[in-house]
file target.txt (compact mmCIF, C-alpha atoms and all ligand atoms)
# COMPACT_ATOMS: atom_id res chain seq x y z
CA MET A 312 80.79 -50.74 -22.19
CA ALA A 313 77.30 -52.05 -22.65
CA ALA A 314 75.12 -55.05 -23.28
CA ILE A 315 73.37 -55.30 -26.67
CA ASP A 316 69.88 -56.73 -26.55
CA MET A 317 68.23 -57.65 -29.85
CA LYS A 318 64.55 -58.35 -29.32
CA ASN A 319 62.46 -60.01 -32.04
CA ILE A 320 64.38 -58.23 -34.78
CA VAL A 321 62.88 -58.44 -38.28
CA LYS A 322 64.35 -57.01 -41.49
CA LYS A 323 62.45 -57.09 -44.75
CA TYR A 324 63.86 -55.71 -47.98
CA GLY A 325 60.81 -55.06 -50.17
CA ASP A 326 58.15 -57.74 -49.78
CA GLY A 327 60.36 -60.82 -50.18
CA PHE A 328 61.40 -63.40 -47.59
CA PRO A 329 62.68 -61.57 -44.45
CA ALA A 330 66.49 -61.27 -44.43
CA VAL A 331 66.30 -61.40 -40.62
CA ASN A 332 63.28 -63.13 -39.16
CA ASP A 333 62.32 -62.61 -35.50
CA VAL A 334 65.83 -62.91 -34.09
CA SER A 335 66.47 -62.35 -30.36
CA ILE A 336 70.07 -62.32 -29.10
CA ASP A 337 71.19 -60.92 -25.74
CA VAL A 338 74.87 -59.95 -25.89
CA GLN A 339 76.10 -59.55 -22.30
CA ASP A 340 78.35 -56.73 -21.16
CA GLY A 341 81.93 -57.77 -22.07
CA GLU A 342 80.85 -60.84 -24.00
CA PHE A 343 82.37 -62.00 -27.32
CA MET A 344 79.35 -62.91 -29.46
CA ILE A 345 79.68 -64.51 -32.88
CA LEU A 346 77.07 -64.34 -35.63
CA VAL A 347 77.75 -67.23 -38.00
CA GLY A 348 76.04 -68.92 -40.92
CA PRO A 349 76.37 -69.53 -44.66
CA SER A 350 76.12 -66.75 -47.24
CA GLY A 351 72.78 -64.95 -47.19
CA CYS A 352 71.78 -66.05 -43.66
CA GLY A 353 71.36 -62.42 -42.56
CA LYS A 354 74.40 -62.03 -40.29
CA SER A 355 75.73 -58.86 -41.96
CA THR A 356 72.25 -57.32 -42.06
CA LEU A 357 71.92 -57.97 -38.33
CA LEU A 358 75.29 -56.33 -37.62
CA ARG A 359 74.37 -53.34 -39.80
CA MET A 360 71.17 -52.94 -37.80
CA ILE A 361 73.17 -52.85 -34.55
CA VAL A 362 75.43 -50.11 -35.94
CA GLY A 363 72.52 -48.21 -37.48
CA LEU A 364 73.47 -48.59 -41.13
CA GLU A 365 70.19 -50.39 -41.83
CA ASP A 366 66.63 -49.64 -40.63
CA ILE A 367 64.88 -52.18 -38.42
CA THR A 368 61.52 -53.36 -39.83
CA SER A 369 60.25 -54.46 -36.41
CA GLY A 370 61.58 -55.42 -33.00
CA ASP A 371 63.77 -53.51 -30.53
CA MET A 372 67.50 -52.87 -30.54
CA VAL A 373 68.64 -51.94 -27.03
CA ILE A 374 72.23 -50.90 -26.26
CA GLY A 375 72.94 -50.41 -22.57
CA ASP A 376 69.67 -48.94 -21.34
CA ARG A 377 68.84 -47.07 -24.55
CA LYS A 378 66.53 -48.22 -27.31
CA VAL A 379 68.49 -47.19 -30.41
CA ASN A 380 66.10 -48.10 -33.26
CA ASP A 381 65.84 -44.49 -34.41
CA LEU A 382 69.26 -43.28 -33.29
CA ALA A 383 71.81 -42.21 -35.95
CA PRO A 384 74.94 -44.41 -36.21
CA LYS A 385 77.18 -41.63 -34.83
CA ASP A 386 75.06 -41.42 -31.67
CA ARG A 387 75.28 -45.14 -30.84
CA ASN A 388 78.86 -45.02 -29.60
CA LEU A 389 79.90 -48.26 -31.33
CA ALA A 390 83.16 -48.95 -33.12
CA MET A 391 83.07 -50.95 -36.33
CA VAL A 392 86.32 -52.66 -37.36
CA PHE A 393 86.24 -53.30 -41.11
CA GLN A 394 87.79 -56.03 -43.23
CA ASN A 395 90.45 -53.69 -44.68
CA TYR A 396 90.85 -51.85 -41.34
CA ALA A 397 90.10 -48.52 -43.16
CA LEU A 398 93.42 -46.95 -42.11
CA TYR A 399 94.63 -43.71 -43.73
CA PRO A 400 97.85 -44.56 -45.60
CA HIS A 401 99.27 -41.02 -45.43
CA LEU A 402 98.85 -40.75 -41.65
CA THR A 403 101.14 -42.19 -39.00
CA VAL A 404 99.97 -44.83 -36.53
CA TYR A 405 99.63 -42.03 -33.96
CA GLU A 406 97.39 -39.93 -36.21
CA ASN A 407 95.38 -42.92 -37.37
CA ILE A 408 94.57 -43.78 -33.75
CA ALA A 409 93.94 -40.10 -32.92
CA PHE A 410 91.62 -39.64 -35.91
CA PRO A 411 88.23 -39.96 -34.17
CA LEU A 412 89.43 -37.64 -31.38
CA ARG A 413 90.56 -35.02 -33.90
CA LEU A 414 87.13 -35.24 -35.56
CA ALA A 415 85.54 -34.62 -32.17
CA LYS A 416 87.83 -31.57 -31.72
CA THR A 417 89.41 -33.05 -28.59
CA ASP A 418 92.24 -30.93 -27.09
CA ASP A 419 95.82 -31.99 -27.87
CA LYS A 420 96.65 -33.01 -24.31
CA THR A 421 93.71 -35.41 -24.03
CA VAL A 422 94.44 -36.79 -27.52
CA ASP A 423 98.03 -37.48 -26.52
CA GLU A 424 97.05 -39.20 -23.26
CA LYS A 425 94.45 -41.40 -24.92
CA VAL A 426 96.60 -42.36 -27.92
CA ARG A 427 99.54 -43.24 -25.67
CA ALA A 428 97.39 -45.28 -23.29
CA ALA A 429 95.74 -47.19 -26.15
CA SER A 430 99.00 -47.84 -27.97
CA LYS A 431 100.54 -49.16 -24.77
CA THR A 432 97.68 -51.62 -24.27
CA LEU A 433 97.98 -52.68 -27.91
CA GLU A 434 101.80 -52.84 -27.82
CA LEU A 435 102.03 -50.27 -30.59
CA ASP A 436 103.96 -47.64 -28.61
CA GLU A 437 107.17 -48.33 -30.52
CA HIS A 438 105.53 -47.85 -33.91
CA LEU A 439 103.68 -44.58 -33.47
CA ASP A 440 105.64 -42.76 -36.19
CA ARG A 441 105.23 -45.44 -38.82
CA LYS A 442 102.79 -45.38 -41.73
CA PRO A 443 100.34 -48.30 -42.23
CA ALA A 444 102.31 -49.57 -45.26
CA ASN A 445 105.23 -50.37 -42.92
CA LEU A 446 103.19 -52.46 -40.49
CA SER A 447 102.37 -56.16 -40.40
CA GLY A 448 98.77 -57.28 -40.84
CA GLY A 449 98.50 -57.85 -37.09
CA GLN A 450 99.81 -54.41 -36.28
CA ARG A 451 97.34 -52.83 -38.71
CA GLN A 452 94.54 -54.69 -37.05
CA ARG A 453 95.69 -53.31 -33.70
CA VAL A 454 95.75 -49.75 -35.05
CA ALA A 455 92.15 -50.21 -36.19
CA MET A 456 91.27 -51.46 -32.71
CA GLY A 457 93.22 -48.56 -31.15
CA ARG A 458 91.01 -46.16 -33.00
CA ALA A 459 88.00 -47.87 -31.47
CA ILE A 460 89.54 -47.85 -27.98
CA VAL A 461 90.32 -44.10 -27.84
CA ARG A 462 86.69 -43.38 -28.57
CA ASP A 463 85.67 -45.29 -25.45
CA ALA A 464 83.15 -47.13 -27.61
CA ASP A 465 80.54 -49.24 -25.85
CA ALA A 466 81.19 -52.20 -28.16
CA PHE A 467 83.36 -53.46 -31.01
CA LEU A 468 81.68 -54.78 -34.13
CA PHE A 469 83.64 -56.87 -36.63
CA ASP A 470 82.38 -57.86 -40.09
CA GLU A 471 84.47 -60.76 -41.46
CA PRO A 472 87.75 -58.98 -40.57
CA LEU A 473 89.97 -61.91 -41.55
CA SER A 474 88.36 -63.19 -44.72
CA ASN A 475 90.95 -61.64 -47.09
CA LEU A 476 93.95 -63.18 -45.33
CA ASP A 477 95.78 -66.42 -46.02
CA ALA A 478 95.24 -69.32 -43.64
CA LYS A 479 98.41 -68.82 -41.55
CA LEU A 480 97.89 -65.10 -40.99
CA ARG A 481 94.22 -65.71 -40.28
CA GLY A 482 95.18 -68.09 -37.47
CA GLN A 483 97.60 -65.57 -35.96
CA MET A 484 95.14 -62.69 -36.17
CA ARG A 485 92.41 -64.83 -34.68
CA SER A 486 94.41 -65.45 -31.53
CA GLU A 487 95.42 -61.80 -31.45
CA ILE A 488 91.80 -60.63 -31.54
CA ALA A 489 90.86 -63.16 -28.88
CA ARG A 490 93.71 -62.00 -26.61
CA LEU A 491 92.90 -58.32 -27.01
CA GLN A 492 89.18 -58.77 -26.50
CA LYS A 493 89.82 -60.59 -23.21
CA LYS A 494 92.36 -57.97 -22.14
CA LEU A 495 90.02 -55.06 -22.91
CA GLY A 496 86.89 -56.88 -21.75
CA ILE A 497 84.85 -54.99 -24.32
CA THR A 498 81.49 -56.20 -25.61
CA THR A 499 82.11 -57.58 -29.11
CA VAL A 500 79.89 -58.79 -31.93
CA TYR A 501 81.78 -60.57 -34.71
CA VAL A 502 80.36 -61.77 -38.02
CA THR A 503 81.90 -64.70 -39.88
CA HIS A 504 80.89 -67.56 -42.17
CA ASP A 505 83.77 -69.65 -40.83
CA GLN A 506 82.76 -72.14 -38.16
CA THR A 507 86.35 -72.57 -36.92
CA GLU A 508 86.59 -68.83 -36.26
CA ALA A 509 83.21 -68.95 -34.53
CA MET A 510 84.22 -71.88 -32.31
CA THR A 511 87.62 -70.51 -31.30
CA LEU A 512 86.64 -66.88 -30.68
CA GLY A 513 83.14 -66.85 -29.29
CA ASP A 514 82.03 -66.90 -25.67
CA ARG A 515 78.72 -67.71 -27.33
CA VAL A 516 77.79 -68.31 -30.95
CA ALA A 517 74.51 -67.48 -32.73
CA VAL A 518 74.00 -69.80 -35.71
CA LEU A 519 71.73 -68.37 -38.42
CA LYS A 520 70.11 -69.93 -41.46
CA ARG A 521 67.99 -67.93 -43.93
CA GLY A 522 67.33 -65.17 -41.42
CA ILE A 523 66.30 -67.51 -38.62
CA LEU A 524 68.28 -68.10 -35.42
CA GLN A 525 68.96 -71.84 -35.22
CA GLN A 526 70.78 -72.00 -31.89
CA LEU A 527 72.48 -69.60 -29.47
CA ALA A 528 74.97 -71.38 -27.23
CA THR A 529 78.60 -71.77 -26.16
CA PRO A 530 80.90 -73.44 -28.72
CA ARG A 531 81.03 -76.59 -26.60
CA GLU A 532 77.26 -76.82 -26.30
CA LEU A 533 76.86 -76.36 -30.07
CA TYR A 534 79.39 -79.10 -30.68
CA ASP A 535 78.10 -81.58 -28.10
CA ASN A 536 74.37 -80.83 -28.29
CA PRO A 537 73.43 -79.34 -31.66
CA GLY A 538 69.73 -78.47 -31.62
CA ASN A 539 69.08 -79.57 -35.19
CA LEU A 540 70.53 -81.17 -38.29
CA PHE A 541 71.68 -77.82 -39.71
CA VAL A 542 73.74 -76.83 -36.65
CA ALA A 543 75.09 -80.39 -36.41
CA GLY A 544 76.24 -80.25 -40.03
CA PHE A 545 77.61 -76.74 -39.84
CA ILE A 546 79.73 -77.04 -36.69
CA GLY A 547 82.74 -79.37 -36.70
CA SER A 548 85.49 -80.32 -39.14
CA PRO A 549 85.52 -82.92 -40.61
CA PRO A 550 81.75 -82.66 -40.34
CA MET A 551 79.39 -84.96 -38.48
CA ASN A 552 78.33 -88.12 -40.34
CA PHE A 553 74.64 -88.54 -41.10
CA LEU A 554 73.27 -92.05 -41.59
CA PRO A 555 69.83 -93.59 -42.01
CA ALA A 556 68.82 -95.22 -38.72
CA LYS A 557 65.96 -97.39 -37.49
CA VAL A 558 65.46 -97.63 -33.72
CA GLU A 559 64.01 -100.86 -32.31
CA GLY A 560 64.13 -101.12 -28.54
CA THR A 561 67.67 -100.13 -27.60
CA SER A 562 69.24 -101.16 -30.88
CA VAL A 563 69.76 -98.89 -33.86
CA GLU A 564 70.06 -100.33 -37.32
CA LEU A 565 72.68 -98.43 -39.32
CA PRO A 566 73.78 -99.26 -42.90
CA PHE A 567 76.68 -101.27 -41.38
CA GLY A 568 74.67 -103.27 -38.88
CA LYS A 569 73.12 -102.87 -35.47
CA VAL A 570 74.55 -100.89 -32.57
CA GLU A 571 73.24 -100.48 -29.02
CA ILE A 572 72.16 -97.20 -27.41
CA SER A 573 71.06 -96.35 -23.85
CA ALA A 574 67.46 -96.95 -22.81
CA GLU A 575 67.10 -93.23 -22.17
CA LYS A 576 68.14 -92.29 -25.69
CA ALA A 577 66.04 -95.09 -27.18
CA GLU A 578 62.95 -93.83 -25.37
CA ARG A 579 63.30 -90.34 -26.82
CA ALA A 580 63.51 -91.75 -30.33
CA ALA A 581 60.92 -94.53 -29.95
CA GLY A 582 58.09 -95.00 -32.45
CA ARG A 583 59.52 -92.54 -34.96
CA GLY A 584 60.26 -94.83 -37.92
CA LEU A 585 63.24 -93.96 -40.06
CA LEU A 586 65.56 -91.37 -38.45
CA ILE A 587 68.89 -89.74 -39.27
CA ALA A 588 71.73 -90.72 -36.95
CA GLY A 589 74.47 -88.11 -36.48
CA ILE A 590 77.89 -89.34 -35.32
CA ARG A 591 81.10 -87.31 -35.37
CA PRO A 592 84.16 -88.94 -36.99
CA GLU A 593 86.04 -89.01 -33.67
CA SER A 594 83.32 -91.08 -32.00
CA PHE A 595 84.59 -94.04 -34.05
CA GLU A 596 87.81 -96.00 -33.65
CA ASP A 597 89.60 -99.05 -34.94
CA ALA A 598 88.18 -101.70 -32.57
CA SER A 599 91.60 -103.34 -32.23
CA VAL A 600 93.12 -100.27 -30.55
CA VAL A 601 90.22 -99.58 -28.18
CA ASP A 602 90.61 -100.55 -24.54
CA ALA A 603 88.21 -103.46 -23.91
CA SER A 604 86.74 -101.69 -20.88
CA ARG A 605 85.44 -98.78 -22.98
CA LYS A 606 81.71 -98.94 -23.54
CA GLY A 607 80.54 -98.95 -27.13
CA SER A 608 79.33 -101.03 -30.06
CA THR A 609 81.23 -102.54 -32.95
CA PHE A 610 80.42 -103.36 -36.56
CA ARG A 611 82.33 -104.60 -39.59
CA ALA A 612 82.75 -102.48 -42.70
CA LYS A 613 84.76 -102.50 -45.90
CA ILE A 614 87.26 -99.62 -45.91
CA ASP A 615 87.35 -97.70 -49.19
CA VAL A 616 90.10 -95.13 -48.63
CA VAL A 617 92.48 -94.31 -45.75
CA GLU A 618 94.17 -90.91 -45.32
CA TRP A 619 96.98 -91.17 -42.81
CA LEU A 620 97.97 -87.88 -41.16
CA GLY A 621 100.46 -89.06 -38.54
CA ASN A 622 98.68 -88.84 -35.19
CA THR A 623 95.35 -89.62 -36.78
CA ALA A 624 93.92 -91.24 -39.92
CA TYR A 625 90.62 -90.86 -41.73
CA ALA A 626 88.95 -93.93 -43.16
CA TYR A 627 86.14 -93.57 -45.69
CA ILE A 628 83.33 -96.10 -45.92
CA PRO A 629 80.58 -95.62 -48.55
CA PHE A 630 76.98 -96.43 -47.64
CA GLU A 631 73.58 -96.34 -49.30
CA ALA A 632 70.65 -94.31 -48.02
CA PRO A 633 66.94 -94.66 -48.84
CA PRO A 634 65.34 -91.82 -50.89
CA GLU A 635 63.64 -90.07 -47.93
CA VAL A 636 66.97 -89.72 -46.10
CA LEU A 637 68.84 -88.77 -49.30
CA GLU A 638 66.34 -86.02 -49.96
CA GLN A 639 66.86 -84.54 -46.50
CA LEU A 640 70.65 -84.78 -46.84
CA GLN A 641 70.51 -83.07 -50.23
CA GLN A 642 68.49 -80.22 -48.73
CA LEU A 643 70.99 -79.99 -45.87
CA GLU A 644 73.88 -79.73 -48.33
CA ARG A 645 72.10 -76.89 -50.14
CA ASP A 646 71.51 -75.09 -46.82
CA LEU A 647 75.17 -75.50 -45.89
CA ASP A 648 76.40 -74.30 -49.30
CA GLY A 649 78.00 -77.74 -49.56
CA GLU A 650 79.16 -79.31 -52.78
CA THR A 651 79.06 -83.03 -52.29
CA LEU A 652 76.49 -85.30 -50.79
CA ARG A 653 77.91 -87.17 -47.83
CA THR A 654 77.06 -90.76 -48.59
CA GLN A 655 80.28 -92.02 -47.13
CA LEU A 656 81.07 -92.45 -43.49
CA VAL A 657 84.20 -90.62 -42.32
CA VAL A 658 85.86 -92.40 -39.41
CA SER A 659 88.73 -90.90 -37.44
CA LEU A 660 91.25 -93.53 -36.33
CA ASP A 661 94.22 -93.38 -34.00
CA GLY A 662 97.52 -92.92 -35.88
CA SER A 663 98.68 -96.31 -34.58
CA SER A 664 95.82 -98.12 -36.35
CA ARG A 665 96.87 -100.56 -39.09
CA VAL A 666 93.52 -100.47 -40.87
CA ALA A 667 94.19 -100.28 -44.62
CA GLU A 668 92.29 -99.76 -47.84
CA GLY A 669 90.20 -102.76 -48.83
CA ASP A 670 90.13 -104.20 -45.30
CA ASP A 671 86.98 -105.62 -43.82
CA ALA A 672 87.66 -103.85 -40.52
CA GLU A 673 86.03 -104.01 -37.13
CA ILE A 674 85.03 -100.46 -36.18
CA TRP A 675 84.09 -99.39 -32.66
CA VAL A 676 81.62 -96.57 -32.02
CA ASP A 677 80.80 -94.65 -28.85
CA THR A 678 77.01 -94.62 -29.18
CA SER A 679 76.62 -92.32 -26.17
CA LYS A 680 77.79 -89.62 -28.61
CA MET A 681 75.21 -90.53 -31.25
CA HIS A 682 72.46 -88.03 -32.05
CA LEU A 683 69.14 -88.97 -33.61
CA PHE A 684 67.39 -86.41 -35.81
CA ASP A 685 63.81 -86.28 -37.05
CA PRO A 686 64.18 -86.39 -40.86
CA ALA A 687 61.09 -84.21 -41.41
CA THR A 688 61.90 -81.32 -39.05
CA GLY A 689 65.65 -81.81 -38.53
CA GLU A 690 65.09 -81.60 -34.76
CA ASN A 691 67.61 -83.38 -32.53
CA LEU A 692 65.50 -85.89 -30.57
CA THR A 693 68.28 -86.98 -28.26
P1 LIG A 701 77.22 -62.90 -46.86
O1 LIG A 701 78.08 -63.75 -45.99
O2 LIG A 701 77.10 -63.41 -48.26
O3 LIG A 701 77.49 -61.43 -46.77
P2 LIG A 701 75.07 -62.64 -44.96
O4 LIG A 701 74.76 -63.84 -44.15
O5 LIG A 701 75.83 -61.57 -44.33
O6 LIG A 701 75.72 -63.09 -46.33
P3 LIG A 701 73.17 -60.63 -45.62
O7 LIG A 701 74.15 -59.85 -46.41
O8 LIG A 701 72.76 -60.11 -44.31
O9 LIG A 701 73.66 -62.11 -45.46
O10 LIG A 701 71.88 -60.84 -46.53
C1 LIG A 701 70.73 -61.55 -46.07
C2 LIG A 701 69.69 -61.58 -47.18
O11 LIG A 701 69.23 -60.27 -47.45
C3 LIG A 701 70.24 -62.12 -48.49
O12 LIG A 701 69.24 -62.91 -49.09
C4 LIG A 701 70.49 -60.87 -49.30
O13 LIG A 701 70.37 -61.11 -50.67
C5 LIG A 701 69.42 -59.92 -48.81
N1 LIG A 701 69.86 -58.52 -48.85
C6 LIG A 701 70.93 -57.98 -48.24
N2 LIG A 701 71.03 -56.66 -48.46
C7 LIG A 701 69.99 -56.34 -49.30
C8 LIG A 701 69.51 -55.12 -49.92
N3 LIG A 701 70.13 -53.96 -49.72
N4 LIG A 701 68.41 -55.19 -50.69
C9 LIG A 701 67.76 -56.37 -50.87
N5 LIG A 701 68.14 -57.55 -50.32
C10 LIG A 701 69.24 -57.54 -49.54

call {"tool": "encode", "arguments": {"input": "target.txt", "output": "structure tokens"}}
result
Amino acid sequence: MAAIDMKNIVKKYGDGFPAVNDVSIDVQDGEFMILVGPSGCGKSTLLRMIVGLEDITSGDMVIGDRKVNDLAPKDRNLAMVFQNYALYPHLTVYENIAFPLRLAKTDDKTVDEKVRAASKTLELDEHLDRKPANLSGGQRQRVAMGRAIVRDADAFLFDEPLSNLDAKLRGQMRSEIARLQKKLGITTVYVTHDQTEAMTLGDRVAVLKRGILQQLATPRELYDNPGNLFVAGFIGSPPMNFLPAKVEGTSVELPFGKVEISAEKAERAAGRGLLIAGIRPESFEDASVVDASRKGSTFRAKIDVVEWLGNTAYAYIPFEAPPEVLEQLQQLERDLDGETLRTQLVVSLDGSSRVAEGDDAEIWVDTSKMHLFDPATGENLT
């Protein structure tokens, strides 16, 4: 196994905008690293540069203690697991797993030992005589991983392995990959555009936008402390709400009225004029079901729509934003490949709430969870 150290990696195709622009990511030995971002952010290009399928324009790619910039893919000792698993339909599970060893002209005894050991780890030992067509999606995925294991590869690389599957199977395979990666403890780099996959699989997640690394952090850190508006909007479902906000002293004027924030937060956002407040749906609640001892602010708002889901409900409250905030939110939507402009507040309520459509409801908000973003740079000031 090995660490993968990407240092100031740049990739230019022709003389256009760099597809990957000065990206540095240190994947630790045994770590599960996710590269995530919307279409065209450069995540696949970055993965292809790790494997050696793409030249590096500048910067250093270091695997273990070797700089591999000029090393052929076959000499990098990495195992790529593809979307369709690239299994040979006419070969048995045994021969599919053995394939790289046969290519390397390994003797039969060693092949047998390695295939049996890998299939035991992957719980495939009962299916060694089957053909891929007679396996479940999960089993096929394991065969593909088995092929990587017998090679004693230094790292696994996945490029959107689950994107062709339906939602249920995707969920199952996700937990399967997570379980196997932990069991094998093998350094893994995994590309996806799906933030849920990124959050549930990654030890750490690298968020990319137009070739530039936006933030490299644990899923929790990305969720709780997004570095900028883009990361805040990309991570989380339903997404974070963005509202125009004016800070005066320790009070913040939102479209629904004033709420109070801590002096510490207020200081960091002082003297900045109009800002964008970011508040996740779950930081709100129906004020009537909140314990009176919980710290927070309340405001009244007219409820447009309520979606009741049993243990939770989403209430939608439209608001108006001034042009300078709208412009920034429109740009954000384009960056996120979004379709609709979020000019309605989404509030997550406890399932026991009786708030209904058309109500003028009292809504509670935990302002300690409020972020304040600079509308010009998108930077999180808090
Ligand atoms: P997707 O999820 O759509 O695959 P991605 O985030 O993986 O996107 P890349 O495929 O790495 O993005 O592409 C990054 C940028 O580089 C895009 O603007 C793309 O058009 C461009 N690009 C990728 N491959 C080439 C190529 N061979 N020649 C020219 N431009 C390319």

call {"tool": "closest_residue", "arguments": {"input": "target.txt", "among": "A:Lys322, A:Arg579, A:Lys606, A:Lys431", "to": "ligand LIG 701 (chain A)", "atoms": "all atoms listed in the file"}}
result
A:Lys322

call {"tool": "closest_atom_pairs", "arguments": {"input": "target.txt", "of": "chain A", "to": "ligand LIG 701 (chain A)", "cutoff": "10 Å", "atoms": "all atoms listed in the file", "output": "JSON lines"}}
result
{"residue": "A:Lys322", "atom": "CA", "partner": "A:LIG701", "partner_atom": "O11", "distance": 8.4}
{"residue": "A:Lys323", "atom": "CA", "partner": "A:LIG701", "partner_atom": "O11", "distance": 8.0}
{"residue": "A:Tyr324", "atom": "CA", "partner": "A:LIG701", "partner_atom": "C9", "distance": 4.9}
{"residue": "A:Gly325", "atom": "CA", "partner": "A:LIG701", "partner_atom": "C9", "distance": 7.1}
{"residue": "A:Asp326", "atom": "CA", "partner": "A:LIG701", "partner_atom": "C9", "distance": 9.8}
{"residue": "A:Gly327", "atom": "CA", "partner": "A:LIG701", "partner_atom": "N5", "distance": 8.4}
{"residue": "A:Phe328", "atom": "CA", "partner": "A:LIG701", "partner_atom": "O12", "distance": 8.0}
{"residue": "A:Pro329", "atom": "CA", "partner": "A:LIG701", "partner_atom": "O11", "distance": 7.3}
{"residue": "A:Ala330", "atom": "CA", "partner": "A:LIG701", "partner_atom": "O11", "distance": 4.2}
{"residue": "A:Val331", "atom": "CA", "partner": "A:LIG701", "partner_atom": "C1", "distance": 7.0}
{"residue": "A:Leu346", "atom": "CA", "partner": "A:LIG701", "partner_atom": "O4", "distance": 8.8}
{"residue": "A:Val347", "atom": "CA", "partner": "A:LIG701", "partner_atom": "O4", "distance": 7.6}
{"residue": "A:Gly348", "atom": "CA", "partner": "A:LIG701", "partner_atom": "O4", "distance": 6.2}
{"residue": "A:Pro349", "atom": "CA", "partner": "A:LIG701", "partner_atom": "O4", "distance": 5.9}
{"residue": "A:Ser350", "atom": "CA", "partner": "A:LIG701", "partner_atom": "O2", "distance": 3.6}
{"residue": "A:Gly351", "atom": "CA", "partner": "A:LIG701", "partner_atom": "O9", "distance": 3.4}
{"residue": "A:Cys352", "atom": "CA", "partner": "A:LIG701", "partner_atom": "O4", "distance": 3.7}
{"residue": "A:Gly353", "atom": "CA", "partner": "A:LIG701", "partner_atom": "O8", "distance": 3.2}
{"residue": "A:Lys354", "atom": "CA", "partner": "A:LIG701", "partner_atom": "O4", "distance": 4.3}
{"residue": "A:Ser355", "atom": "CA", "partner": "A:LIG701", "partner_atom": "O5", "distance": 3.6}
{"residue": "A:Thr356", "atom": "CA", "partner": "A:LIG701", "partner_atom": "O8", "distance": 3.6}
{"residue": "A:Leu357", "atom": "CA", "partner": "A:LIG701", "partner_atom": "O8", "distance": 6.4}
{"residue": "A:Leu358", "atom": "CA", "partner": "A:LIG701", "partner_atom": "O8", "distance": 8.1}
{"residue": "A:Arg359", "atom": "CA", "partner": "A:LIG701", "partner_atom": "O8", "distance": 8.3}
{"residue": "A:Met360", "atom": "CA", "partner": "A:LIG701", "partner_atom": "O8", "distance": 9.8}
{"residue": "A:Glu365", "atom": "CA", "partner": "A:LIG701", "partner_atom": "N3", "distance": 8.7}
{"residue": "A:Asp470", "atom": "CA", "partner": "A:LIG701", "partner_atom": "O5", "distance": 8.6}
{"residue": "A:Glu471", "atom": "CA", "partner": "A:LIG701", "partner_atom": "O1", "distance": 8.4}
{"residue": "A:Val502", "atom": "CA", "partner": "A:LIG701", "partner_atom": "O5", "distance": 7.8}
{"residue": "A:Thr503", "atom": "CA", "partner": "A:LIG701", "partner_atom": "O1", "distance": 7.3}
{"residue": "A:His504", "atom": "CA", "partner": "A:LIG701", "partner_atom": "O1", "distance": 6.1}
{"residue": "A:Asp505", "atom": "CA", "partner": "A:LIG701", "partner_atom": "O1", "distance": 9.7}
{"residue": "A:Leu519", "atom": "CA", "partner": "A:LIG701", "partner_atom": "O4", "distance": 7.9}
{"residue": "A:Lys520", "atom": "CA", "partner": "A:LIG701", "partner_atom": "O4", "distance": 8.1}
{"residue": "A:Arg521", "atom": "CA", "partner": "A:LIG701", "partner_atom": "C1", "distance": 7.3}
{"residue": "A:Gly522", "atom": "CA", "partner": "A:LIG701", "partner_atom": "C1", "distance": 6.8}

call {"tool": "residues_around", "arguments": {"input": "target.txt", "residues": "stretch 398-415 of chain A", "least_positions_apart": "5", "cutoff": "9 Å", "atoms": "only C-alpha atoms", "output": "PDB file with C-alpha atoms, in the frame of the given file"}}
result
ATOM      1  CA  THR A 421      93.710 -35.410 -24.030  1.00  0.00           C
ATOM      2  CA  VAL A 422      94.440 -36.790 -27.520  1.00  0.00           C
ATOM      3  CA  ASP A 423      98.030 -37.480 -26.520  1.00  0.00           C
ATOM      4  CA  LYS A 425      94.450 -41.400 -24.920  1.00  0.00           C
ATOM      5  CA  VAL A 426      96.600 -42.360 -27.920  1.00  0.00           C
ATOM      6  CA  ARG A 427      99.540 -43.240 -25.670  1.00  0.00           C
ATOM      7  CA  ALA A 429      95.740 -47.190 -26.150  1.00  0.00           C
ATOM      8  CA  SER A 430      99.000 -47.840 -27.970  1.00  0.00           C
ATOM      9  CA  LEU A 435     102.030 -50.270 -30.590  1.00  0.00           C
ATOM     10  CA  ASP A 436     103.960 -47.640 -28.610  1.00  0.00           C
ATOM     11  CA  HIS A 438     105.530 -47.850 -33.910  1.00  0.00           C
ATOM     12  CA  LEU A 439     103.680 -44.580 -33.470  1.00  0.00           C
ATOM     13  CA  ASP A 440     105.640 -42.760 -36.190  1.00  0.00           C
ATOM     14  CA  ARG A 441     105.230 -45.440 -38.820  1.00  0.00           C
ATOM     15  CA  LYS A 442     102.790 -45.380 -41.730  1.00  0.00           C
ATOM     16  CA  PRO A 443     100.340 -48.300 -42.230  1.00  0.00           C
ATOM     17  CA  ALA A 444     102.310 -49.570 -45.260  1.00  0.00           C
ATOM     18  CA  ARG A 451      97.340 -52.830 -38.710  1.00  0.00           C
ATOM     19  CA  VAL A 454      95.750 -49.750 -35.050  1.00  0.00           C
ATOM     20  CA  ALA A 455      92.150 -50.210 -36.190  1.00  0.00           C
ATOM     21  CA  MET A 456      91.270 -51.460 -32.710  1.00  0.00           C
ATOM     22  CA  GLY A 457      93.220 -48.560 -31.150  1.00  0.00           C
ATOM     23  CA  ARG A 458      91.010 -46.160 -33.000  1.00  0.00           C
ATOM     24  CA  ALA A 459      88.000 -47.870 -31.470  1.00  0.00           C
ATOM     25  CA  ILE A 460      89.540 -47.850 -27.980  1.00  0.00           C
ATOM     26  CA  VAL A 461      90.320 -44.100 -27.840  1.00  0.00           C
ATOM     27  CA  ARG A 462      86.690 -43.380 -28.570  1.00  0.00           C
TER      28      ARG A 462
END

call {"tool": "atom_distance", "arguments": {"input": "target.txt", "atom1": "atom CA of A:Gly621", "atom2": "atom CA of A:Asp670"}}
result
19.5 Å
